[in-house]
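S.K.: Sharing coords31.txt below, compact mmCIF, C-alpha atoms and all ligand atoms:
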```
# COMPACT_ATOMS: atom_id res chain seq x y z
CA MET U 13 -25.45 10.60 6.40
CA LYS U 14 -22.72 11.92 8.63
CA LYS U 15 -20.21 14.37 7.14
CA TYR U 16 -16.74 13.59 8.47
CA LYS U 17 -14.22 16.26 9.41
CA THR U 18 -10.83 15.36 7.94
CA VAL U 19 -7.26 16.75 8.07
CA ILE U 20 -4.09 15.97 6.10
CA VAL U 21 -0.56 15.90 7.50
CA GLY U 22 2.28 16.19 4.98
CA THR U 23 2.04 18.38 1.86
CA GLY U 24 4.55 16.61 -0.40
CA GLY U 25 4.16 14.65 -3.62
CA ILE U 26 1.35 12.30 -2.57
CA ALA U 27 -0.76 14.80 -0.61
CA GLU U 28 -2.70 15.88 -3.71
CA SER U 29 -4.14 12.36 -4.04
CA HIS U 30 -5.49 12.76 -0.49
CA VAL U 31 -7.08 16.12 -1.28
CA ASN U 32 -8.65 14.68 -4.45
CA ALA U 33 -9.94 11.63 -2.58
CA VAL U 34 -11.98 13.51 0.00
CA ARG U 35 -12.99 16.29 -2.41
CA ALA U 36 -14.49 13.58 -4.66
CA LEU U 37 -17.05 12.99 -1.88
CA PRO U 38 -18.06 16.54 -0.93
CA ASP U 39 -21.19 15.37 0.93
CA ARG U 40 -19.19 12.97 3.09
CA PHE U 41 -15.96 14.80 3.96
CA GLU U 42 -15.00 18.33 4.92
CA LEU U 43 -11.27 18.97 4.62
CA VAL U 44 -10.74 21.49 7.42
CA ALA U 45 -6.97 21.72 7.87
CA VAL U 46 -3.52 20.68 6.71
CA ALA U 47 -0.18 20.45 8.55
CA ASP U 48 3.46 20.37 7.50
CA VAL U 49 6.67 21.31 9.33
CA ASP U 50 7.60 23.48 6.37
CA ALA U 51 5.77 26.77 7.12
CA GLU U 52 6.00 28.25 3.61
CA LYS U 53 4.95 25.00 1.98
CA VAL U 54 1.91 24.45 4.17
CA GLU U 55 0.78 28.04 3.77
CA ALA U 56 1.03 27.81 -0.02
CA TYR U 57 -0.65 24.41 -0.01
CA GLY U 58 -3.59 25.62 2.06
CA LYS U 59 -4.09 28.52 -0.37
CA LYS U 60 -3.72 26.39 -3.51
CA TYR U 61 -6.35 23.88 -2.38
CA ASP U 62 -8.52 26.34 -0.48
CA ILE U 63 -8.15 24.51 2.85
CA PRO U 64 -9.45 26.68 5.72
CA ARG U 65 -6.58 26.31 8.24
CA SER U 66 -2.91 25.34 8.13
CA TYR U 67 -0.53 24.31 10.93
CA THR U 68 3.17 23.64 11.31
CA ASP U 69 2.57 21.45 14.36
CA TYR U 70 0.66 18.19 13.90
CA GLU U 71 -0.20 17.80 17.59
CA GLU U 72 -1.60 21.32 17.69
CA MET U 73 -3.76 20.58 14.63
CA LEU U 74 -5.16 17.42 16.26
CA ALA U 75 -6.01 19.28 19.47
CA ALA U 76 -7.58 22.27 17.72
CA GLU U 77 -9.51 20.49 14.95
CA LYS U 78 -10.64 17.26 16.68
CA PRO U 79 -10.95 15.52 13.27
CA ASP U 80 -12.92 12.32 12.56
CA LEU U 81 -10.27 11.20 10.06
CA VAL U 82 -6.53 11.93 9.76
CA GLN U 83 -4.87 11.38 6.36
CA ILE U 84 -1.15 10.77 6.88
CA ALA U 85 1.16 11.69 3.97
CA VAL U 86 4.52 12.22 5.73
CA PRO U 87 7.70 10.11 5.33
CA PRO U 88 7.46 6.50 6.60
CA LEU U 89 9.43 7.04 9.84
CA LEU U 90 6.51 9.08 11.22
CA HIS U 91 3.66 6.76 10.17
CA VAL U 92 3.28 4.70 13.34
CA LYS U 93 3.80 7.61 15.74
CA PHE U 94 1.37 9.89 13.87
CA SER U 95 -1.22 7.11 13.45
CA ILE U 96 -1.23 6.36 17.18
CA MET U 97 -1.42 10.08 18.03
CA ALA U 98 -4.43 10.45 15.71
CA MET U 99 -6.28 7.51 17.27
CA GLU U 100 -5.52 8.81 20.75
CA ALA U 101 -7.05 12.14 19.66
CA GLY U 102 -10.24 10.28 18.68
CA ALA U 103 -9.77 9.96 14.91
CA TRP U 104 -9.66 7.14 12.39
CA VAL U 105 -6.53 7.00 10.26
CA TYR U 106 -5.86 6.67 6.53
CA CYS U 107 -2.06 6.36 6.42
CA GLU U 108 0.26 6.17 3.43
CA LYS U 109 2.20 3.04 2.71
CA PRO U 110 4.39 1.61 4.11
CA LEU U 111 2.20 1.73 7.22
CA CYS U 112 5.00 0.41 9.44
CA ALA U 113 8.51 -1.02 9.43
CA SER U 114 7.78 -4.43 10.95
CA LEU U 115 5.27 -6.82 12.50
CA ALA U 116 6.32 -5.44 15.92
CA GLU U 117 5.19 -1.96 14.83
CA LEU U 118 1.93 -3.33 13.43
CA ASP U 119 1.27 -4.88 16.85
CA LYS U 120 1.76 -1.40 18.40
CA ILE U 121 -0.85 0.03 16.02
CA GLU U 122 -3.29 -2.76 16.83
CA GLU U 123 -2.73 -2.21 20.54
CA ALA U 124 -3.65 1.47 20.06
CA GLU U 125 -6.73 0.46 18.03
CA LYS U 126 -7.93 -1.71 20.91
CA ARG U 127 -7.21 1.00 23.47
CA THR U 128 -8.91 3.84 21.56
CA GLY U 129 -11.68 2.01 19.68
CA LYS U 130 -10.49 3.71 16.45
CA PHE U 131 -9.06 2.06 13.32
CA CYS U 132 -5.93 2.67 11.26
CA ALA U 133 -6.11 1.81 7.54
CA SER U 134 -3.16 1.62 5.18
CA VAL U 135 -3.28 3.22 1.74
CA PHE U 136 -3.36 0.32 -0.76
CA GLN U 137 -5.25 1.92 -3.62
CA MET U 138 -4.45 -0.84 -6.15
CA ARG U 139 -6.97 -3.14 -4.49
CA PHE U 140 -9.86 -0.76 -5.02
CA ALA U 141 -10.52 -0.17 -8.73
CA PRO U 142 -13.92 -1.75 -9.55
CA SER U 143 -12.22 -3.80 -12.31
CA SER U 144 -10.04 -5.55 -9.72
CA THR U 145 -13.06 -6.32 -7.52
CA HIS U 146 -14.74 -7.85 -10.61
CA VAL U 147 -11.72 -10.05 -11.39
CA LYS U 148 -11.35 -11.06 -7.73
CA LYS U 149 -14.99 -12.19 -7.58
CA LEU U 150 -14.53 -14.39 -10.66
CA ILE U 151 -11.32 -15.88 -9.24
CA GLU U 152 -12.98 -16.62 -5.90
CA SER U 153 -16.06 -18.15 -7.56
CA GLY U 154 -13.81 -20.79 -9.15
CA ARG U 155 -15.08 -19.80 -12.62
CA LEU U 156 -11.50 -19.49 -13.98
CA GLY U 157 -10.44 -22.88 -12.62
CA LYS U 158 -7.47 -23.50 -10.36
CA PRO U 159 -4.89 -20.67 -10.06
CA MET U 160 -1.56 -22.04 -11.22
CA ILE U 161 1.21 -19.66 -12.30
CA GLY U 162 1.74 -15.92 -11.97
CA ILE U 163 4.08 -13.02 -12.61
CA ALA U 164 4.09 -9.74 -10.67
CA HIS U 165 6.65 -7.24 -11.95
CA THR U 166 7.20 -3.79 -10.53
CA LEU U 167 9.89 -2.61 -12.94
CA TRP U 168 10.28 1.04 -12.00
CA TYR U 169 13.11 3.57 -12.29
CA ARG U 170 14.28 5.73 -9.41
CA ASP U 171 17.33 7.89 -10.13
CA LEU U 172 20.02 9.46 -7.96
CA GLU U 173 17.92 12.59 -7.47
CA TYR U 174 15.07 10.50 -6.01
CA TYR U 175 17.47 8.81 -3.59
CA GLY U 176 19.11 12.18 -2.86
CA VAL U 177 16.21 13.04 -0.51
CA SER U 178 17.57 12.36 2.97
CA TRP U 179 14.85 9.96 4.19
CA ARG U 180 14.91 7.75 1.10
CA GLY U 181 16.96 4.61 0.65
CA THR U 182 17.61 4.03 4.36
CA TRP U 183 16.43 1.26 6.69
CA LYS U 184 15.62 3.73 9.43
CA SER U 185 13.48 6.21 7.48
CA ASP U 186 12.31 4.37 4.34
CA PHE U 187 12.05 0.86 5.91
CA GLY U 188 13.55 -0.79 2.81
CA GLY U 189 14.06 -0.42 -0.94
CA PRO U 190 11.70 -1.13 -3.87
CA THR U 191 10.29 -4.18 -2.09
CA MET U 192 8.89 -2.12 0.78
CA ILE U 193 8.35 1.17 -1.06
CA LEU U 194 7.48 0.44 -4.73
CA GLY U 195 6.55 -3.20 -5.34
CA ILE U 196 4.50 -3.33 -2.15
CA HIS U 197 1.59 -1.95 -4.25
CA THR U 198 1.75 -4.70 -6.88
CA MET U 199 2.47 -7.46 -4.37
CA ASP U 200 -0.40 -6.34 -2.14
CA HIS U 201 -2.67 -6.31 -5.21
CA VAL U 202 -1.65 -9.86 -6.15
CA LEU U 203 -2.05 -11.13 -2.57
CA ASN U 204 -5.52 -9.59 -2.58
CA LEU U 205 -6.41 -11.45 -5.80
CA MET U 206 -4.75 -14.78 -5.04
CA GLY U 207 -5.51 -15.32 -1.36
CA GLU U 208 -3.28 -16.61 1.39
CA TRP U 209 0.43 -17.04 0.67
CA GLU U 210 2.30 -19.96 2.19
CA GLU U 211 6.04 -19.71 1.48
CA VAL U 212 8.53 -17.19 0.12
CA ARG U 213 12.04 -17.58 -1.35
CA ALA U 214 13.83 -14.35 -2.23
CA ILE U 215 17.07 -12.80 -3.44
CA THR U 216 17.67 -9.15 -2.59
CA ALA U 217 20.58 -7.06 -3.91
CA THR U 218 21.91 -3.54 -4.23
CA LEU U 219 23.21 -3.46 -7.81
CA ASP U 220 23.54 0.18 -8.76
CA ARG U 221 22.16 2.84 -6.41
CA PRO U 222 24.36 4.20 -3.58
CA ILE U 223 21.82 3.20 -0.91
CA GLU U 224 21.98 0.91 2.11
CA VAL U 225 18.72 -0.87 1.23
CA GLU U 226 18.17 -3.16 -1.77
CA ASP U 227 17.51 -1.72 -5.24
CA VAL U 228 16.08 -5.01 -6.54
CA SER U 229 14.43 -8.12 -5.16
CA MET U 230 13.32 -11.31 -6.86
CA VAL U 231 10.78 -13.46 -5.10
CA HIS U 232 9.22 -16.89 -5.61
CA VAL U 233 5.95 -17.39 -3.76
CA ARG U 234 3.87 -20.49 -3.13
CA PHE U 235 0.23 -19.75 -2.33
CA LYS U 236 -1.97 -21.90 -0.09
CA ASN U 237 -4.07 -22.81 -3.15
CA GLY U 238 -0.91 -24.28 -4.75
CA ALA U 239 -0.23 -21.45 -7.23
CA LEU U 240 3.38 -20.37 -7.86
CA VAL U 241 4.06 -16.68 -8.52
CA SER U 242 7.31 -14.98 -9.50
CA MET U 243 7.79 -11.35 -8.48
CA ILE U 244 10.39 -8.65 -9.24
CA ASN U 245 10.63 -5.35 -7.38
CA SER U 246 13.06 -3.02 -9.12
CA ALA U 247 14.15 0.62 -8.88
CA LEU U 248 16.56 0.12 -11.83
CA SER U 249 14.40 -0.40 -14.92
CA PRO U 250 14.63 2.40 -17.54
CA ARG U 251 11.51 1.20 -19.43
CA GLN U 252 9.07 1.24 -16.57
CA GLU U 253 6.17 -1.16 -16.30
CA THR U 254 3.89 -2.77 -13.75
CA TYR U 255 2.83 -6.18 -15.04
CA ILE U 256 0.63 -8.79 -13.43
CA ARG U 257 -0.13 -12.05 -15.21
CA LEU U 258 -2.14 -14.85 -13.60
CA ASP U 259 -2.68 -18.18 -15.37
CA PHE U 260 -5.69 -20.22 -14.30
CA GLN U 261 -6.81 -23.57 -15.74
CA LYS U 262 -9.31 -21.84 -18.03
CA ALA U 263 -7.97 -18.33 -18.55
CA THR U 264 -5.04 -15.93 -18.40
CA VAL U 265 -5.64 -12.60 -16.68
CA GLU U 266 -3.19 -9.75 -17.42
CA LEU U 267 -2.83 -6.21 -16.14
CA LYS U 268 -0.26 -3.79 -17.65
CA HIS U 269 0.13 -0.28 -16.36
CA LEU U 270 2.53 1.98 -14.47
CA TYR U 271 1.13 3.71 -11.37
CA VAL U 272 -2.62 3.77 -12.00
CA TYR U 273 -4.76 1.30 -13.92
CA GLN U 274 -8.32 1.27 -15.18
CA ASN U 275 -10.51 -1.00 -17.31
CA GLU U 276 -8.45 -0.65 -20.51
CA ASN U 277 -5.32 -1.96 -18.79
CA TRP U 278 -6.73 -5.48 -18.31
CA SER U 279 -6.65 -8.23 -20.92
CA PHE U 280 -8.11 -11.71 -20.81
CA THR U 281 -7.48 -14.91 -22.78
CA VAL U 282 -9.48 -18.13 -22.46
CA THR U 283 -8.59 -21.68 -23.53
CA ASP U 284 -10.03 -23.16 -26.75
CA GLU U 285 -12.38 -25.33 -24.64
CA GLU U 286 -13.87 -22.19 -23.08
CA LYS U 287 -14.29 -20.25 -26.35
CA ASP U 288 -18.09 -20.77 -26.44
CA SER U 289 -18.77 -21.01 -22.70
CA GLY U 290 -19.36 -17.30 -22.09
CA LEU U 291 -16.29 -17.06 -19.83
CA LEU U 292 -14.59 -14.38 -21.95
CA GLU U 293 -17.79 -12.29 -21.91
CA GLU U 294 -17.97 -12.63 -18.11
CA LEU U 295 -14.36 -11.54 -17.74
CA THR U 296 -14.66 -8.59 -20.10
CA SER U 297 -17.97 -7.34 -18.62
CA LEU U 298 -16.06 -4.92 -16.43
CA PRO U 299 -18.02 -2.57 -14.17
CA GLU U 300 -18.18 1.19 -14.66
CA ASP U 301 -14.64 2.47 -15.16
CA ALA U 302 -12.75 4.05 -12.26
CA PRO U 303 -9.01 4.29 -11.71
CA SER U 304 -7.07 2.51 -8.95
CA SER U 305 -6.83 5.73 -6.98
CA HIS U 306 -7.14 6.99 -3.42
CA VAL U 307 -10.68 8.06 -4.47
CA SER U 308 -11.78 4.44 -4.97
CA GLN U 309 -10.29 3.42 -1.62
CA ILE U 310 -11.76 6.32 0.36
CA LYS U 311 -15.22 5.55 -1.14
CA ALA U 312 -14.98 2.08 0.40
CA MET U 313 -13.62 3.46 3.66
CA VAL U 314 -16.38 6.00 4.24
CA GLU U 315 -18.89 3.13 4.22
CA GLU U 316 -16.77 1.29 6.77
CA MET U 317 -16.75 4.45 8.90
CA ASP U 318 -20.55 4.66 8.64
CA ARG U 319 -20.85 1.06 9.84
CA ASN U 320 -18.09 1.52 12.46
CA GLU U 321 -16.46 -1.51 10.90
CA ARG U 322 -12.73 -2.32 10.67
CA PRO U 323 -11.41 -1.08 7.27
CA SER U 324 -10.31 -3.83 4.91
CA THR U 325 -6.70 -2.53 4.83
CA SER U 326 -6.29 -2.64 8.61
CA GLY U 327 -5.76 -5.49 11.07
CA SER U 328 -5.46 -8.87 9.36
CA GLY U 329 -6.14 -7.07 6.05
CA VAL U 330 -2.73 -5.42 6.24
CA ARG U 331 -0.88 -7.97 8.41
CA ASP U 332 -0.73 -10.43 5.52
CA THR U 333 1.24 -7.95 3.41
CA VAL U 334 3.51 -6.75 6.26
CA GLU U 335 4.34 -10.39 7.08
CA PHE U 336 4.91 -11.10 3.37
CA VAL U 337 7.40 -8.24 3.01
CA SER U 338 9.10 -9.32 6.27
CA ALA U 339 9.42 -12.85 4.85
CA ILE U 340 11.03 -11.49 1.65
CA TYR U 341 13.71 -9.64 3.63
CA LYS U 342 14.27 -12.60 5.96
CA SER U 343 14.65 -14.95 3.00
CA GLY U 344 16.90 -12.45 1.18
CA PHE U 345 19.24 -12.09 4.15
CA THR U 346 19.28 -15.71 5.36
CA GLY U 347 18.92 -17.59 2.05
CA GLU U 348 16.17 -19.68 3.66
CA ALA U 349 12.62 -20.31 2.46
CA VAL U 350 10.27 -18.55 4.91
CA LYS U 351 6.86 -20.00 5.70
CA LYS U 352 3.87 -17.92 6.71
CA GLY U 353 3.35 -17.77 10.47
CA THR U 354 6.99 -18.45 11.36
CA ILE U 355 8.18 -14.88 12.10
CA GLY U 356 7.24 -14.92 15.79
CA LYS U 357 8.04 -12.37 18.49
CA ASP U 358 11.44 -13.95 19.21
CA ASP U 359 12.48 -13.87 15.52
CA PRO U 360 14.92 -10.98 14.76
CA PHE U 361 12.89 -10.16 11.61
CA TYR U 362 9.81 -9.51 13.76
CA ARG U 363 11.40 -6.16 14.74
CA ASP U 364 14.06 -5.38 12.20
CA LEU U 365 14.12 -6.14 8.48
CA SER U 366 17.58 -4.66 7.84
CA GLY U 367 19.32 -8.01 8.25
CA LYS U 368 21.62 -6.55 10.94
CA SER U 369 20.63 -9.23 13.39
CA SER U 370 21.27 -12.05 10.92
CA LYS U 371 24.77 -10.68 10.12
CA ALA U 372 25.75 -10.36 13.80
N1 LIG K 401 0.20 5.55 -2.37
C1 LIG K 401 1.06 5.92 -3.30
O1 LIG K 401 0.91 5.63 -4.48
C2 LIG K 401 2.26 6.74 -2.90
C3 LIG K 401 3.00 7.43 -3.87
C4 LIG K 401 4.07 8.22 -3.44
C5 LIG K 401 4.43 8.27 -2.10
N2 LIG K 401 3.70 7.53 -1.19
C6 LIG K 401 4.06 7.54 0.24
O2 LIG K 401 3.62 8.77 0.81
C7 LIG K 401 4.51 9.18 1.86
C8 LIG K 401 5.01 10.59 1.57
O3 LIG K 401 5.67 10.56 0.34
P1 LIG K 401 5.89 11.91 -0.53
O4 LIG K 401 6.49 11.48 -1.81
O5 LIG K 401 4.66 12.72 -0.54
O6 LIG K 401 7.02 12.62 0.37
P2 LIG K 401 7.49 14.14 0.34
O7 LIG K 401 8.87 14.17 0.89
O8 LIG K 401 7.21 14.74 -1.00
O9 LIG K 401 6.48 14.85 1.38
C9 LIG K 401 6.51 14.61 2.76
C10 LIG K 401 6.03 15.86 3.47
O10 LIG K 401 5.97 15.59 4.87
C11 LIG K 401 6.42 16.76 5.56
N3 LIG K 401 6.85 16.42 6.93
C12 LIG K 401 8.01 15.82 7.32
N4 LIG K 401 8.03 15.72 8.66
C13 LIG K 401 6.87 16.24 9.12
C14 LIG K 401 6.32 16.44 10.44
N5 LIG K 401 6.98 16.05 11.54
N6 LIG K 401 5.10 17.02 10.55
C15 LIG K 401 4.43 17.44 9.43
N7 LIG K 401 4.92 17.30 8.18
C16 LIG K 401 6.11 16.70 8.02
C17 LIG K 401 7.56 17.29 4.69
O11 LIG K 401 7.86 18.65 4.97
C18 LIG K 401 6.98 17.06 3.30
O12 LIG K 401 6.27 18.20 2.83
C19 LIG K 401 5.63 8.12 1.90
O13 LIG K 401 5.33 7.16 2.87
C20 LIG K 401 5.55 7.47 0.51
O14 LIG K 401 6.00 6.14 0.48
C21 LIG K 401 2.63 6.80 -1.56
```
Can the structure in the file be given as structure tokens, please?
M.R.:
Amino acid sequence: MKKYKTVIVGTGGIAESHVNAVRALPDRFELVAVADVDAEKVEAYGKKYDIPRSYTDYEEMLAAEKPDLVQIAVPPLLHVKFSIMAMEAGAWVYCEKPLCASLAELDKIEEAEKRTGKFCASVFQMRFAPSSTHVKKLIESGRLGKPMIGIAHTLWYRDLEYYGVSWRGTWKSDFGGPTMILGIHTMDHVLNLMGEWEEVRAITATLDRPIEVEDVSMVHVRFKNGALVSMINSALSPRQETYIRLDFQKATVELKHLYVYQNENWSFTVTDEEKDSGLLEELTSLPEDAPSSHVSQIKAMVEEMDRNERPSTSGSGVRDTVEFVSAIYKSGFTGEAVKKGTIGKDDPFYRDLSGKSSKA
């Protein structure tokens, strides 16, 4: 089995999850270097995690290390640029969310993938806990009956200090508010479980934080299979919770957690008619426990690297979510319902989700 040489760029809050992910597979990855513009920080980080080399210049690190994989953990504004640079240097990419600011930027990434033969995967760790894969299989088998109603709440709290960091809370650097930055995890998870979405109606508002992006959005979604799901993405909720509830004809599936879930966070209820059918036992027979972490995602990705196969959170596997978020902002700014497939290259929301174009 090949051992892949990997590097990390960005040594802020989320970088530790990237170190842990590759260190969980010591036979498959060798973390050879780390880069950050902050010289003191990168030096200290390299020492703390015993990483052989540190750089203050990302380009220099790419040229010197020639990595197989680049893990990108810098602020959103740099994601597309750094992803393309990594692929041009011959590496695959595992980039933090939000991967890009728009469908136009996603097209740029895909163009670079075609040109270089490398792939760029978005971090979406919520999809990868074994418990979620188990539930998804049961949903897709039809065992739970028709999907009907759902709730997806990302009720989180982000204070003034959080938004005091210069790149946060702006269209240019953060690409949006809790829709793009916080709830994107829960919404991506629900899209992964429920299949193709068809139409979105949304309200977005800035109720309390002094930021130019929204601090809350409320979304109604119709899925292709007919199910209706209500979503909230909030940065304003003092009692924080992430809550997913999906009602099928035969069962209710619930997941309550905050940032990371595992087996104990799921609960299942079946109808009286299904009490003796074995459905509850099937639902509760969860696989070996593992959290919804970067570790679970990177385990799946290393196998895709071995097979030289497009990672499941790249290409169409990420386009669905980028288009979904674009539709939420378009609906929020225009007041219109937005159908899947309608944000074409001549639509202002193809390039810019800030609503500037719709106000002009
Ligand atoms: N997947 C998750 O659950 C999760 C959780 C938190 C944050 N994130 C995402 O991770 C990304 C980083 O977030 P964070 O909270 O770690 O941010 P942070 O501000 O704590 O860290 C960012 C780091 O990038 C460095 N940096 C900035 N410009 C650079 C450059 N040109 N070259 C090299 N380094 C540079 C900064 O010095 C800083 O150390 C964001 O996109 C965020 O949305 C994801």
S.K.: Write out as a compact mmCIF listing (two decimals) with C-alpha atoms, in the coordinates of the input each polymer residue whose atoms come within 7 Å of Val19 in chain U, counting all atoms listed in the file; drop sequence neighbours fewer than 3 positions from it.
M.R.:
```txt
# COMPACT_ATOMS: atom_id res chain seq x y z
CA LEU U 43 -11.27 18.97 4.62
CA VAL U 44 -10.74 21.49 7.42
CA ALA U 45 -6.97 21.72 7.87
CA VAL U 46 -3.52 20.68 6.71
CA PRO U 79 -10.95 15.52 13.27
CA LEU U 81 -10.27 11.20 10.06
CA VAL U 82 -6.53 11.93 9.76
CA GLN U 83 -4.87 11.38 6.36
```
S.K.: Residues within 6 Å of ligand LIG 401 (chain K), counting all atoms listed in the file: report them as an MDAnalysis selection string.
M.R.: chainID U and resid 21:27 47:50 70 85:88 108:110 135 193
S.K.: Work out how far CA of Phe235 in chain U is from CA of Thr264 in chain U, in Å to one decimal.
M.R.: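 One can read the CA of Thr264 in chain U to CA of Phe235 in chain U distance as 17.3 Å.
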S.K.: Out of U:Met99, U:Val272, U:Ala263, U:Val92, which residue has the shortest atom-to-atom distance to Gln137 in chain U when counting only C-alpha atoms?
M.R.: U:Val272
S.K.: Which polymer residues have any atom within 8 Å of an atom of Leu172 in chain U, counting only C-alpha atoms, with same-chain residues fewer than 3 positions away left out, as a list in words?
M.R.: Tyr175, Gly176 and Arg221 of chain U
S.K.: Compile the contact shell of Lys158 in chain U as a ChimeraX atom specification: residues with an atom at most 9 Å away, counting all atoms listed in the file, same-chain residues fewer than 4 positions apart removed.
M.R.: /U:151,154,237-239,259-262
S.K.: Mind giving me the straight-line distance from CA of Tyr362 in chain U to CA of Val337 in chain U in Å, one decimal?
M.R.: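 Between these atoms lies a distance of 11.1 Å.
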